[in-house]
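The structure under discussion appears below in the form of structure tokens.
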Amino acid sequence: MRMALAVLAFLAAPAFAQEAGYAVRETEVKKEPYSDSQTVGRLAEKAPVKVLDRQNGWMQVESGSQSGWVRMLSIRMDSGSSGFASGLKSLFSVARTGSSGRTTTTGVRGLDKEDIKNAKPNPEELKKLAGFAATQVDAEQFAAGNPKLAGKKIDYLPQR
């Protein structure tokens, strides 16, 4: 049984190695999968890409003569596939959902038990956060300048 699974995994590897997709918006192509990495090119909106690899929230892509890393949320995978590779993909895609039949998730590192256990309040950061609050007058003036916004009465929380 293990041998059969190993053979199936080996045959499925090419199916997962390169998937087709396209850029949903104009985006930078980076040398490495980091936002501060050198920009080596740009992808135009709807530019076709081949996805070569994935790492955290980044995809290594190839488009025309350029290749590099783009943010995962800037790429939409093609919904149509055919042939043997597509059949193998669907075997491993049971949990995929959505109108295109696919779900893309990105990993976010959270807090572990130790982080929560050792957490300490930071009053200075809380003061900075309070500085971002909009007053009722500011909110009403902002809404009045946008014809697509409609007024709705929501009581503010009392000040502490």
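Identifiers for the structure tokens are assigned positionally: chains receive A, B, ... in sequence, residues are indexed from 1 per chain, and ligands are indexed from 1 in the order shown.
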
Shell around Val49 (chain A) at 7 Å using only C-alpha atoms, local window under 4 positions removed, as a list in words: Ala20, Gly21, Tyr22, Val61, Glu62 and Ser63 of chain A

Contact residues around region 37-48 of chain A with only C-alpha atoms at 12 Å, ignoring same-chain residues under 3 positions, as JSON, numbers by chain: {"A": [19, 20, 21, 22, 23, 24, 25, 26, 27, 28, 29, 30, 31, 32, 33, 34, 51, 61, 62, 63, 64, 65, 66, 67, 68, 69, 70, 71, 74, 75, 76, 77, 78]}

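Between CA of Asp155 (chain A) and CA of Val137 (chain A) lies a distance of 13.0 Å.
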
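Taking only C-alpha atoms into account, Gln18 (chain A) lies nearest to A:Lys50 out of the set A:Gly131, A:Lys50, A:Asp115, A:Ala150.
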
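With only C-alpha atoms as the atoms that count, the residue of A:Asp36, A:Thr135, A:Asp53, A:Gln60 with the shortest distance to Tyr156 (chain A) is A:Thr135.
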
Gln136 (chain A) environment, 12 Å, only C-alpha atoms, sequence neighbours closer than 4 positions dropped, as a PyMOL selection string: chain A and resi 140-143+153-157
